[in-house]
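Q: Below is start05.cif; it holds mmCIF, C-alpha atoms and all ligand atoms.
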```
data_entry
loop_
_atom_site.label_atom_id
_atom_site.label_comp_id
_atom_site.auth_asym_id
_atom_site.auth_seq_id
_atom_site.Cartn_x
_atom_site.Cartn_y
_atom_site.Cartn_z
CA ALA N 17 1.97 -18.08 21.07
CA MET N 18 4.07 -21.05 20.00
CA GLY N 19 6.39 -20.73 22.98
CA MET N 20 9.43 -19.85 20.93
CA LYS N 21 10.66 -16.70 22.64
CA GLY N 22 14.40 -16.31 22.19
CA MET N 23 14.61 -19.15 19.72
CA PHE N 24 15.92 -18.93 16.22
CA VAL N 25 13.72 -20.06 13.40
CA VAL N 26 16.49 -20.93 10.97
CA HIS N 27 20.16 -20.17 11.15
CA PRO N 28 22.89 -22.01 9.28
CA LYS N 29 25.79 -20.74 11.37
CA ASP N 30 27.46 -22.24 14.40
CA PRO N 31 24.90 -22.34 17.27
CA ASP N 32 27.41 -20.54 19.53
CA PHE N 33 27.04 -17.57 17.28
CA MET N 34 23.33 -17.28 18.02
CA ARG N 35 22.04 -14.59 20.27
CA VAL N 36 19.43 -15.98 22.60
CA ASP N 37 19.03 -12.83 24.66
CA ARG N 38 16.68 -11.09 22.29
CA ASP N 39 13.03 -10.74 23.13
CA PHE N 40 12.00 -11.18 19.55
CA LEU N 41 12.28 -14.21 17.41
CA ILE N 42 14.95 -13.84 14.81
CA MET N 43 13.34 -14.87 11.57
CA LEU N 44 16.15 -14.62 9.12
CA ASN N 45 16.02 -15.82 5.55
CA ALA N 46 19.33 -17.44 6.19
CA PHE N 47 19.69 -19.25 2.90
CA ASP N 48 19.34 -18.35 -0.71
CA ILE N 49 16.12 -17.98 -2.70
CA ASP N 50 14.85 -19.87 -5.70
CA PRO N 51 15.91 -17.44 -8.46
CA GLY N 52 12.87 -18.18 -10.64
CA THR N 53 10.02 -17.58 -8.20
CA TYR N 54 12.04 -15.64 -5.57
CA ASN N 55 10.50 -17.92 -2.95
CA ILE N 56 12.22 -20.15 -0.41
CA ASP N 57 14.20 -23.00 -2.00
CA PRO N 58 13.11 -26.19 -0.19
CA ALA N 59 16.33 -27.94 -1.23
CA LEU N 60 18.27 -25.61 1.09
CA ILE N 61 16.10 -25.91 4.19
CA GLU N 62 17.45 -29.07 5.73
CA ALA N 63 21.03 -27.79 5.94
CA ALA N 64 19.76 -24.70 7.80
CA ILE N 65 18.01 -26.62 10.58
CA THR N 66 19.78 -26.70 13.95
CA ASP N 67 18.74 -28.09 17.33
CA ARG N 68 17.28 -24.69 18.14
CA THR N 69 15.09 -24.48 15.08
CA ARG N 70 11.39 -24.50 15.90
CA ALA N 71 9.73 -23.39 12.69
CA ILE N 72 10.11 -22.90 8.97
CA MET N 73 8.70 -19.64 7.74
CA PRO N 74 8.05 -19.62 3.99
CA ILE N 75 7.21 -16.22 2.57
CA HIS N 76 4.80 -16.43 -0.35
CA LEU N 77 6.38 -13.59 -2.23
CA TYR N 78 4.83 -11.25 -4.80
CA GLY N 79 1.51 -13.16 -4.81
CA GLN N 80 2.74 -16.71 -5.38
CA MET N 81 2.94 -19.50 -2.83
CA ALA N 82 6.16 -21.33 -2.03
CA ASP N 83 6.59 -25.02 -2.90
CA MET N 84 4.75 -26.26 0.19
CA ASP N 85 4.80 -30.07 -0.22
CA PRO N 86 8.55 -30.51 0.40
CA ILE N 87 8.42 -27.83 3.10
CA MET N 88 5.67 -29.69 4.97
CA ALA N 89 7.55 -32.97 4.57
CA ILE N 90 10.75 -31.48 6.04
CA ALA N 91 8.76 -29.85 8.85
CA GLY N 92 7.06 -33.16 9.67
CA ALA N 93 10.33 -35.09 9.67
CA ASN N 94 11.94 -32.53 11.99
CA SER N 95 8.90 -31.75 14.21
CA LEU N 96 8.87 -28.12 13.16
CA ALA N 97 5.95 -25.71 12.87
CA VAL N 98 5.35 -24.01 9.55
CA ILE N 99 4.38 -20.35 9.72
CA GLU N 100 3.27 -19.18 6.29
CA ASP N 101 3.82 -15.51 5.54
CA ALA N 102 0.87 -15.03 3.21
CA CYS N 103 0.89 -11.23 3.51
CA GLN N 104 1.35 -10.77 -0.25
CA SER N 105 -0.62 -13.82 -1.29
CA ILE N 106 -4.09 -13.82 0.25
CA THR N 107 -6.30 -16.29 -1.73
CA SER N 108 -3.45 -17.43 -3.99
CA THR N 109 -3.24 -21.21 -4.32
CA TYR N 110 -0.73 -24.07 -4.48
CA LYS N 111 -2.23 -27.35 -5.74
CA ASP N 112 -5.68 -25.86 -5.06
CA ARG N 113 -4.83 -25.10 -1.42
CA LYS N 114 -5.03 -21.51 -0.27
CA ALA N 115 -2.13 -19.51 1.14
CA GLY N 116 -2.09 -19.68 4.92
CA SER N 117 -4.11 -22.91 5.10
CA VAL N 118 -1.32 -25.42 4.56
CA GLY N 119 1.07 -24.82 7.47
CA THR N 120 0.55 -24.60 11.22
CA ALA N 121 -0.47 -20.97 10.90
CA GLY N 122 -0.71 -18.33 8.20
CA CYS N 123 -0.13 -14.59 8.53
CA LEU N 124 -2.04 -12.02 6.49
CA SER N 125 -1.39 -8.31 6.17
CA PHE N 126 -4.05 -5.73 5.46
CA PHE N 127 -1.54 -2.95 4.91
CA PRO N 128 -3.10 -0.68 2.27
CA SER N 129 -0.76 -1.83 -0.54
CA LYS N 130 -1.87 -5.45 -0.18
CA ASN N 131 -4.49 -7.04 -2.46
CA LEU N 132 -6.93 -6.83 0.44
CA GLY N 133 -5.76 -3.57 1.97
CA GLY N 134 -7.39 -1.71 4.83
CA ILE N 135 -7.45 2.04 5.31
CA GLY N 136 -4.51 1.77 7.68
CA ASP N 137 -2.53 -1.00 9.32
CA GLY N 138 -4.02 -4.36 10.14
CA GLY N 139 -3.44 -8.07 9.84
CA MET N 140 -4.62 -11.52 10.79
CA VAL N 141 -3.28 -14.91 11.80
CA VAL N 142 -5.19 -17.98 10.61
CA THR N 143 -4.82 -21.52 11.92
CA ASN N 144 -6.62 -24.85 12.11
CA ASP N 145 -4.83 -25.70 15.36
CA GLU N 146 -7.29 -25.09 18.20
CA LYS N 147 -4.67 -24.88 20.94
CA LEU N 148 -2.69 -22.33 18.98
CA TYR N 149 -5.89 -20.44 18.23
CA ASP N 150 -6.61 -20.15 21.97
CA GLN N 151 -3.08 -18.86 22.59
CA LEU N 152 -3.35 -16.33 19.80
CA ILE N 153 -6.69 -15.06 21.07
CA LEU N 154 -5.14 -14.65 24.51
CA MET N 155 -2.03 -12.86 23.33
CA ARG N 156 -3.98 -10.57 21.02
CA ASN N 157 -5.64 -9.01 24.05
CA HIS N 158 -2.89 -8.47 26.66
CA GLY N 159 -2.98 -12.13 27.68
CA CYS N 160 -6.49 -11.73 29.15
CA GLU N 161 -9.36 -14.14 28.85
CA GLN N 162 -11.28 -12.26 31.47
CA MET N 163 -10.73 -8.52 31.51
CA TYR N 164 -7.86 -7.44 33.83
CA TYR N 165 -6.86 -11.04 34.67
CA HIS N 166 -3.63 -11.62 32.75
CA LYS N 167 -2.78 -15.25 32.05
CA LYS N 168 0.15 -14.41 29.77
CA ILE N 169 2.18 -11.44 28.72
CA GLY N 170 0.45 -10.40 25.52
CA GLY N 171 -0.10 -7.13 23.74
CA ASN N 172 -2.71 -5.15 21.91
CA PHE N 173 -2.85 -6.92 18.56
CA ARG N 174 -6.54 -6.33 17.97
CA LEU N 175 -7.80 -5.31 14.55
CA ASP N 176 -9.39 -1.83 14.71
CA PRO N 177 -13.14 -1.96 14.06
CA ILE N 178 -12.72 0.81 11.47
CA GLN N 179 -10.29 -1.45 9.58
CA ALA N 180 -12.61 -4.42 9.89
CA ALA N 181 -15.47 -2.33 8.51
CA ALA N 182 -13.41 -1.22 5.48
CA LEU N 183 -12.13 -4.75 4.88
CA LEU N 184 -15.65 -6.18 4.95
CA VAL N 185 -16.64 -3.80 2.17
CA LYS N 186 -13.59 -4.76 0.08
CA LEU N 187 -13.55 -8.51 0.72
CA PRO N 188 -16.34 -9.42 -1.73
CA LEU N 189 -14.35 -7.66 -4.49
CA LEU N 190 -11.07 -9.43 -3.80
CA ASP N 191 -11.42 -12.30 -6.28
CA LYS N 192 -12.46 -9.93 -9.06
CA TRP N 193 -9.50 -7.67 -8.34
CA SER N 194 -7.07 -10.59 -8.28
CA ALA N 195 -8.45 -11.85 -11.61
CA GLY N 196 -7.92 -8.34 -13.02
CA ARG N 197 -4.30 -8.38 -11.87
CA ARG N 198 -3.79 -11.81 -13.46
CA LYS N 199 -5.24 -10.57 -16.74
CA ASN N 200 -2.93 -7.54 -16.68
CA ALA N 201 0.06 -9.76 -15.89
CA GLU N 202 -0.75 -11.98 -18.86
CA TYR N 203 -1.00 -8.95 -21.10
CA TYR N 204 2.44 -7.72 -19.98
CA ASN N 205 3.87 -11.24 -20.47
CA LYS N 206 2.62 -11.25 -24.05
CA LYS N 207 3.97 -7.77 -24.75
CA PHE N 208 7.42 -8.48 -23.28
CA LYS N 209 7.84 -11.79 -25.10
CA GLY N 210 11.10 -11.93 -27.06
CA SER N 211 12.53 -8.83 -25.35
CA VAL N 212 15.32 -8.45 -22.78
CA VAL N 213 12.70 -8.28 -20.03
CA VAL N 214 12.43 -11.44 -17.90
CA PRO N 215 8.79 -11.82 -16.85
CA PRO N 216 7.65 -13.43 -13.57
CA VAL N 217 7.85 -17.22 -13.29
CA VAL N 218 4.61 -18.77 -12.01
CA ARG N 219 4.62 -22.50 -11.32
CA GLU N 220 2.00 -24.61 -13.12
CA ASP N 221 0.53 -25.79 -9.81
CA CYS N 222 0.19 -22.23 -8.47
CA VAL N 223 -2.24 -19.40 -9.05
CA SER N 224 -0.63 -16.03 -8.35
CA ILE N 225 -2.57 -12.98 -7.23
CA TYR N 226 0.25 -10.71 -8.46
CA ASN N 227 0.55 -8.48 -5.43
CA GLN N 228 3.45 -7.24 -7.52
CA TYR N 229 4.33 -7.79 -11.19
CA ILE N 230 8.09 -8.24 -11.00
CA ILE N 231 10.38 -8.24 -14.01
CA ARG N 232 14.14 -8.55 -14.26
CA VAL N 233 15.97 -6.10 -16.47
CA PRO N 234 19.46 -4.86 -17.28
CA LYS N 235 20.15 -1.21 -16.29
CA ARG N 236 17.47 -1.52 -13.61
CA ASP N 237 18.21 1.69 -11.70
CA GLU N 238 18.32 3.71 -14.90
CA LEU N 239 15.03 2.16 -16.01
CA LEU N 240 13.44 3.03 -12.67
CA ALA N 241 14.43 6.69 -13.10
CA HIS N 242 13.25 6.69 -16.72
CA LEU N 243 9.83 5.20 -15.90
CA ARG N 244 9.34 7.62 -13.04
CA ALA N 245 10.34 10.55 -15.25
CA ASN N 246 7.55 9.41 -17.56
CA ASP N 247 4.97 9.34 -14.75
CA ILE N 248 4.92 5.55 -14.40
CA GLY N 249 4.68 4.33 -10.83
CA CYS N 250 7.21 1.58 -10.15
CA ALA N 251 9.21 0.32 -7.20
CA ILE N 252 12.04 -1.97 -6.12
CA TYR N 253 10.96 -4.92 -3.98
CA TYR N 254 13.58 -5.21 -2.43
CA PRO N 255 16.80 -3.23 -2.76
CA VAL N 256 18.68 -4.97 0.08
CA PRO N 257 18.40 -8.70 0.84
CA LEU N 258 17.65 -9.62 4.44
CA HIS N 259 21.10 -11.01 5.20
CA LEU N 260 22.72 -7.71 4.22
CA GLN N 261 20.37 -5.49 6.24
CA GLU N 262 22.15 -3.30 8.79
CA CYS N 263 20.04 -4.67 11.66
CA PHE N 264 21.45 -8.16 11.07
CA GLY N 265 25.03 -6.93 10.69
CA ASP N 266 26.09 -8.72 13.86
CA LEU N 267 25.08 -12.09 12.44
CA GLY N 268 28.15 -12.08 10.24
CA TYR N 269 26.73 -12.43 6.75
CA LYS N 270 28.55 -10.79 3.87
CA LYS N 271 28.03 -9.96 0.23
CA GLY N 272 28.34 -13.11 -1.85
CA ASP N 273 26.73 -15.40 0.75
CA MET N 274 23.41 -15.52 -1.13
CA PRO N 275 24.12 -14.79 -4.79
CA HIS N 276 20.59 -15.37 -6.11
CA ALA N 277 19.01 -12.98 -3.60
CA GLU N 278 21.74 -10.41 -4.22
CA LYS N 279 21.36 -10.61 -8.01
CA ALA N 280 17.57 -10.27 -7.71
CA ALA N 281 18.02 -7.17 -5.55
CA GLU N 282 20.02 -5.60 -8.40
CA GLU N 283 17.73 -6.60 -11.27
CA VAL N 284 14.08 -6.61 -10.18
CA ILE N 285 11.54 -3.87 -10.69
CA ALA N 286 7.78 -3.88 -10.08
CA LEU N 287 5.48 -2.47 -12.74
CA PRO N 288 1.93 -1.24 -12.10
CA VAL N 289 -0.49 -4.18 -12.24
CA TYR N 290 -3.54 -2.93 -10.33
CA PRO N 291 -6.85 -4.22 -11.68
CA GLU N 292 -8.13 -0.90 -13.05
CA LEU N 293 -5.14 -0.58 -15.41
CA THR N 294 -6.23 -0.53 -19.07
CA ASN N 295 -4.42 -2.20 -21.97
CA LYS N 296 -3.68 1.26 -23.32
CA MET N 297 -1.96 2.23 -20.08
CA GLN N 298 -0.02 -1.04 -20.15
CA ASP N 299 1.04 -0.37 -23.76
CA TYR N 300 2.46 2.94 -22.58
CA VAL N 301 4.40 1.22 -19.78
CA VAL N 302 5.76 -1.44 -22.15
CA GLU N 303 6.72 1.01 -24.88
CA THR N 304 8.37 3.38 -22.42
CA ALA N 305 10.37 0.52 -20.87
CA LEU N 306 11.34 -1.25 -24.09
CA SER N 307 12.32 1.88 -26.00
CA PHE N 308 14.68 2.71 -23.13
CA LEU N 309 16.09 -0.81 -22.76
CA GLN N 310 16.65 -1.23 -26.47
CA GLU N 311 18.54 2.06 -26.84
C1 LIG Y 1 5.77 -10.59 2.78
C2 LIG Y 1 5.39 -9.64 3.89
N1 LIG Y 1 5.46 -10.05 5.17
C3 LIG Y 1 5.13 -9.23 6.20
C4 LIG Y 1 4.71 -7.95 5.97
C5 LIG Y 1 4.39 -7.09 7.14
O1 LIG Y 1 3.03 -6.79 7.17
P1 LIG Y 1 2.52 -5.55 8.06
O2 LIG Y 1 3.07 -4.32 7.41
O3 LIG Y 1 1.03 -5.61 7.99
O4 LIG Y 1 3.06 -5.77 9.41
C6 LIG Y 1 4.62 -7.46 4.68
C7 LIG Y 1 4.19 -6.09 4.43
O5 LIG Y 1 4.81 -5.30 3.83
C8 LIG Y 1 4.97 -8.33 3.60
O6 LIG Y 1 4.91 -7.91 2.34
#
```
Turn this file's structure into structure tokens for me.
Ligand SMILES: Cc1ncc(COP(=O)(O)O)c(C=O)c1O
A:
Amino acid sequence: AMGMKGMFVVHPKDPDFMRVDRDFLIMLNAFDIDPGTYNIDPALIEAAITDRTRAIMPIHLYGQMADMDPIMAIAGANSLAVIEDACQSITSTYKDRKAGSVGTAGCLSFFPSKNLGGIGDGGMVVTNDEKLYDQLILMRNHGCEQMYYHKKIGGNFRLDPIQAAALLVKLPLLDKWSAGRRKNAEYYNKKFKGSVVVPPVVREDCVSIYNQYIIRVPKRDELLAHLRANDIGCAIYYPVPLHLQECFGDLGYKKGDMPHAEKAAEEVIALPVYPELTNKMQDYVVETALSFLQE
């Protein structure tokens, strides 16, 4: 919709290395993360911009928004769009502004594991830009404004009515659920204080919706197995950083290029934080984790 087919969003390497023959945008997190919040580090953006860059795409990871003010300033200075990936952060805020409402466009996911999850796949793009809105509406429906008259090559990106119906039932409960997650996160933070567990870092100007409660621990893989053996649901978000994914192998990145992202991939683990969790259940999680880690 933004006319960027074949363009790269960010890529720090020599432009000759870029592949422009792909149909899809390559949206590669081509520089390292902020190791505290795991979000994009604005200090590293400028060096990654080339003459082919058209957009910055901050991912608001784990429920917390990226540091948007410097991102918007860099985008403005370089005439770039900002596409916020707010899939894990619906209704979270940065300086009282909601995820997805700061940049040119925001993307939401209604995948069932999200804070506002459907009963199957679904998603939404939000924007205040009317021209972009018109393009998105067109492309959502095979490029048609009038049925069977195709202005553009689009696709079927419509939200199923069954998903919309389920989401409408859940939407009024979203704020309550997010508050429940925040309360559970605070309880974990208190319980882990003074231990080897590194709790999530939430900036003072941000409100997180804790799509995940992510801690850093030593012996992470062993802890994962131990928690699972004790019937505690937990997961690794994410075991392989983007630049080391097989599908991007041809882009020439190697281990060591992004040490913060690589270290996070080895140390992070997500604990259950869903709103219905009771303090007693959380005590069990904390005791099971700490007794193992302190062995
Ligand atoms: C940060 C982020 N971006 C994008 C997506 C993709 O969303 P969907 O699965 O709805 O396409 C996800 C979902 O897992 C996500 O967590």
Q: Which of these residues is nearest to Ala181 (chain N), using all atoms listed in the file: N:Gly92, N:Gly138, N:Pro234, N:Pro215?
A: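 Nearest to Ala181 (chain N): N:Gly138.
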Q: For CA of Pro74 (chain N) and CA of Met88 (chain N), determine how far apart the two atoms are, in Å to one decimal place.
A: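 Distance between the two atoms: 10.4 Å.
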Q: Would you compute the distance between CA of Ile75 (chain N) and CA of Asp57 (chain N)? Give it in Å to one decimal.
A: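 Computing it gives 10.8 Å between the two atoms.
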Q: Let me make sure I understand: among N:Met140, N:Ile231, N:Val218, N:Ala89, which one has the smallest atom-to-atom distance to ligand LIG 1 (chain Y) if we use only C-alpha atoms and all ligand atoms?
A: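 So, comparing all the options, the nearest one is N:Met140.
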Q: Neighbours of Ala93 (chain N) within 12 Å (all atoms listed in the file; same-chain residues fewer than 6 positions away dropped), as a list in words?
A: Glu62, Ile65, Pro86 and Ile87 of chain N
Q: Smallest atom-to-atom distance to ligand LIG 1 (chain Y): which of N:Thr143, N:Ala63, N:Tyr254, N:Arg236, using only C-alpha atoms and all ligand atoms?
A: N:Tyr254
Q: Write out all heavy atoms for region 88-99 of chain N, as a PDB file, in the frame of the given file.
A:
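Contents of result.pdb, freshly written:
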```pdb
ATOM      1  N   MET N  88       6.446 -28.985   3.947  1.00  0.00           N
ATOM      2  CA  MET N  88       5.670 -29.690   4.970  1.00  0.00           C
ATOM      3  C   MET N  88       6.314 -31.028   5.330  1.00  0.00           C
ATOM      4  O   MET N  88       6.298 -31.451   6.485  1.00  0.00           O
ATOM      5  CB  MET N  88       4.221 -29.903   4.495  1.00  0.00           C
ATOM      6  CG  MET N  88       3.416 -28.622   4.311  1.00  0.00           C
ATOM      7  SD  MET N  88       3.437 -27.511   5.731  1.00  0.00           S
ATOM      8  CE  MET N  88       2.475 -28.448   6.911  1.00  0.00           C
ATOM      9  N   ALA N  89       6.896 -31.683   4.308  1.00  0.00           N
ATOM     10  CA  ALA N  89       7.550 -32.970   4.570  1.00  0.00           C
ATOM     11  C   ALA N  89       8.767 -32.769   5.489  1.00  0.00           C
ATOM     12  O   ALA N  89       8.967 -33.519   6.458  1.00  0.00           O
ATOM     13  CB  ALA N  89       7.957 -33.627   3.259  1.00  0.00           C
ATOM     14  N   ILE N  90       9.558 -31.760   5.206  1.00  0.00           N
ATOM     15  CA  ILE N  90      10.750 -31.480   6.040  1.00  0.00           C
ATOM     16  C   ILE N  90      10.316 -31.099   7.456  1.00  0.00           C
ATOM     17  O   ILE N  90      10.889 -31.546   8.448  1.00  0.00           O
ATOM     18  CB  ILE N  90      11.611 -30.357   5.404  1.00  0.00           C
ATOM     19  CG1 ILE N  90      12.173 -30.811   4.064  1.00  0.00           C
ATOM     20  CG2 ILE N  90      12.729 -29.928   6.351  1.00  0.00           C
ATOM     21  CD1 ILE N  90      12.730 -29.687   3.196  1.00  0.00           C
ATOM     22  N   ALA N  91       9.258 -30.279   7.532  1.00  0.00           N
ATOM     23  CA  ALA N  91       8.760 -29.850   8.850  1.00  0.00           C
ATOM     24  C   ALA N  91       8.292 -31.069   9.648  1.00  0.00           C
ATOM     25  O   ALA N  91       8.619 -31.210  10.834  1.00  0.00           O
ATOM     26  CB  ALA N  91       7.620 -28.847   8.689  1.00  0.00           C
ATOM     27  N   GLY N  92       7.554 -31.964   8.991  1.00  0.00           N
ATOM     28  CA  GLY N  92       7.060 -33.160   9.670  1.00  0.00           C
ATOM     29  C   GLY N  92       8.204 -34.027  10.169  1.00  0.00           C
ATOM     30  O   GLY N  92       8.208 -34.482  11.317  1.00  0.00           O
ATOM     31  N   ALA N  93       9.204 -34.220   9.310  1.00  0.00           N
ATOM     32  CA  ALA N  93      10.330 -35.090   9.670  1.00  0.00           C
ATOM     33  C   ALA N  93      11.154 -34.501  10.809  1.00  0.00           C
ATOM     34  O   ALA N  93      11.827 -35.238  11.530  1.00  0.00           O
ATOM     35  CB  ALA N  93      11.198 -35.318   8.440  1.00  0.00           C
ATOM     36  N   ASN N  94      11.112 -33.177  10.966  1.00  0.00           N
ATOM     37  CA  ASN N  94      11.940 -32.530  11.990  1.00  0.00           C
ATOM     38  C   ASN N  94      11.113 -31.930  13.135  1.00  0.00           C
ATOM     39  O   ASN N  94      11.631 -31.157  13.941  1.00  0.00           O
ATOM     40  CB  ASN N  94      12.799 -31.432  11.349  1.00  0.00           C
ATOM     41  CG  ASN N  94      13.856 -31.997  10.414  1.00  0.00           C
ATOM     42  OD1 ASN N  94      14.912 -32.426  10.864  1.00  0.00           O
ATOM     43  ND2 ASN N  94      13.552 -32.027   9.123  1.00  0.00           N
ATOM     44  N   SER N  95       9.823 -32.269  13.177  1.00  0.00           N
ATOM     45  CA  SER N  95       8.900 -31.750  14.210  1.00  0.00           C
ATOM     46  C   SER N  95       8.937 -30.220  14.310  1.00  0.00           C
ATOM     47  O   SER N  95       9.058 -29.652  15.401  1.00  0.00           O
ATOM     48  CB  SER N  95       9.218 -32.337  15.586  1.00  0.00           C
ATOM     49  OG  SER N  95       9.214 -33.724  15.515  1.00  0.00           O
ATOM     50  N   LEU N  96       8.855 -29.579  13.182  1.00  0.00           N
ATOM     51  CA  LEU N  96       8.870 -28.120  13.160  1.00  0.00           C
ATOM     52  C   LEU N  96       7.492 -27.575  12.784  1.00  0.00           C
ATOM     53  O   LEU N  96       6.762 -28.197  12.007  1.00  0.00           O
ATOM     54  CB  LEU N  96       9.881 -27.606  12.120  1.00  0.00           C
ATOM     55  CG  LEU N  96      11.332 -28.042  12.301  1.00  0.00           C
ATOM     56  CD1 LEU N  96      12.170 -27.537  11.136  1.00  0.00           C
ATOM     57  CD2 LEU N  96      11.891 -27.540  13.625  1.00  0.00           C
ATOM     58  N   ALA N  97       7.166 -26.410  13.311  1.00  0.00           N
ATOM     59  CA  ALA N  97       5.950 -25.710  12.870  1.00  0.00           C
ATOM     60  C   ALA N  97       6.240 -25.055  11.526  1.00  0.00           C
ATOM     61  O   ALA N  97       7.402 -24.817  11.170  1.00  0.00           O
ATOM     62  CB  ALA N  97       5.572 -24.649  13.899  1.00  0.00           C
ATOM     63  N   VAL N  98       5.199 -24.775  10.785  1.00  0.00           N
ATOM     64  CA  VAL N  98       5.350 -24.010   9.550  1.00  0.00           C
ATOM     65  C   VAL N  98       4.475 -22.772   9.657  1.00  0.00           C
ATOM     66  O   VAL N  98       3.256 -22.874   9.810  1.00  0.00           O
ATOM     67  CB  VAL N  98       4.957 -24.839   8.311  1.00  0.00           C
ATOM     68  CG1 VAL N  98       5.009 -23.981   7.048  1.00  0.00           C
ATOM     69  CG2 VAL N  98       5.881 -26.040   8.156  1.00  0.00           C
ATOM     70  N   ILE N  99       5.120 -21.615   9.642  1.00  0.00           N
ATOM     71  CA  ILE N  99       4.380 -20.350   9.720  1.00  0.00           C
ATOM     72  C   ILE N  99       4.435 -19.725   8.330  1.00  0.00           C
ATOM     73  O   ILE N  99       5.494 -19.286   7.880  1.00  0.00           O
ATOM     74  CB  ILE N  99       5.023 -19.387  10.744  1.00  0.00           C
ATOM     75  CG1 ILE N  99       5.156 -20.075  12.113  1.00  0.00           C
ATOM     76  CG2 ILE N  99       4.202 -18.103  10.855  1.00  0.00           C
ATOM     77  CD1 ILE N  99       6.025 -19.305  13.093  1.00  0.00           C
TER      78      ILE N  99
END
```
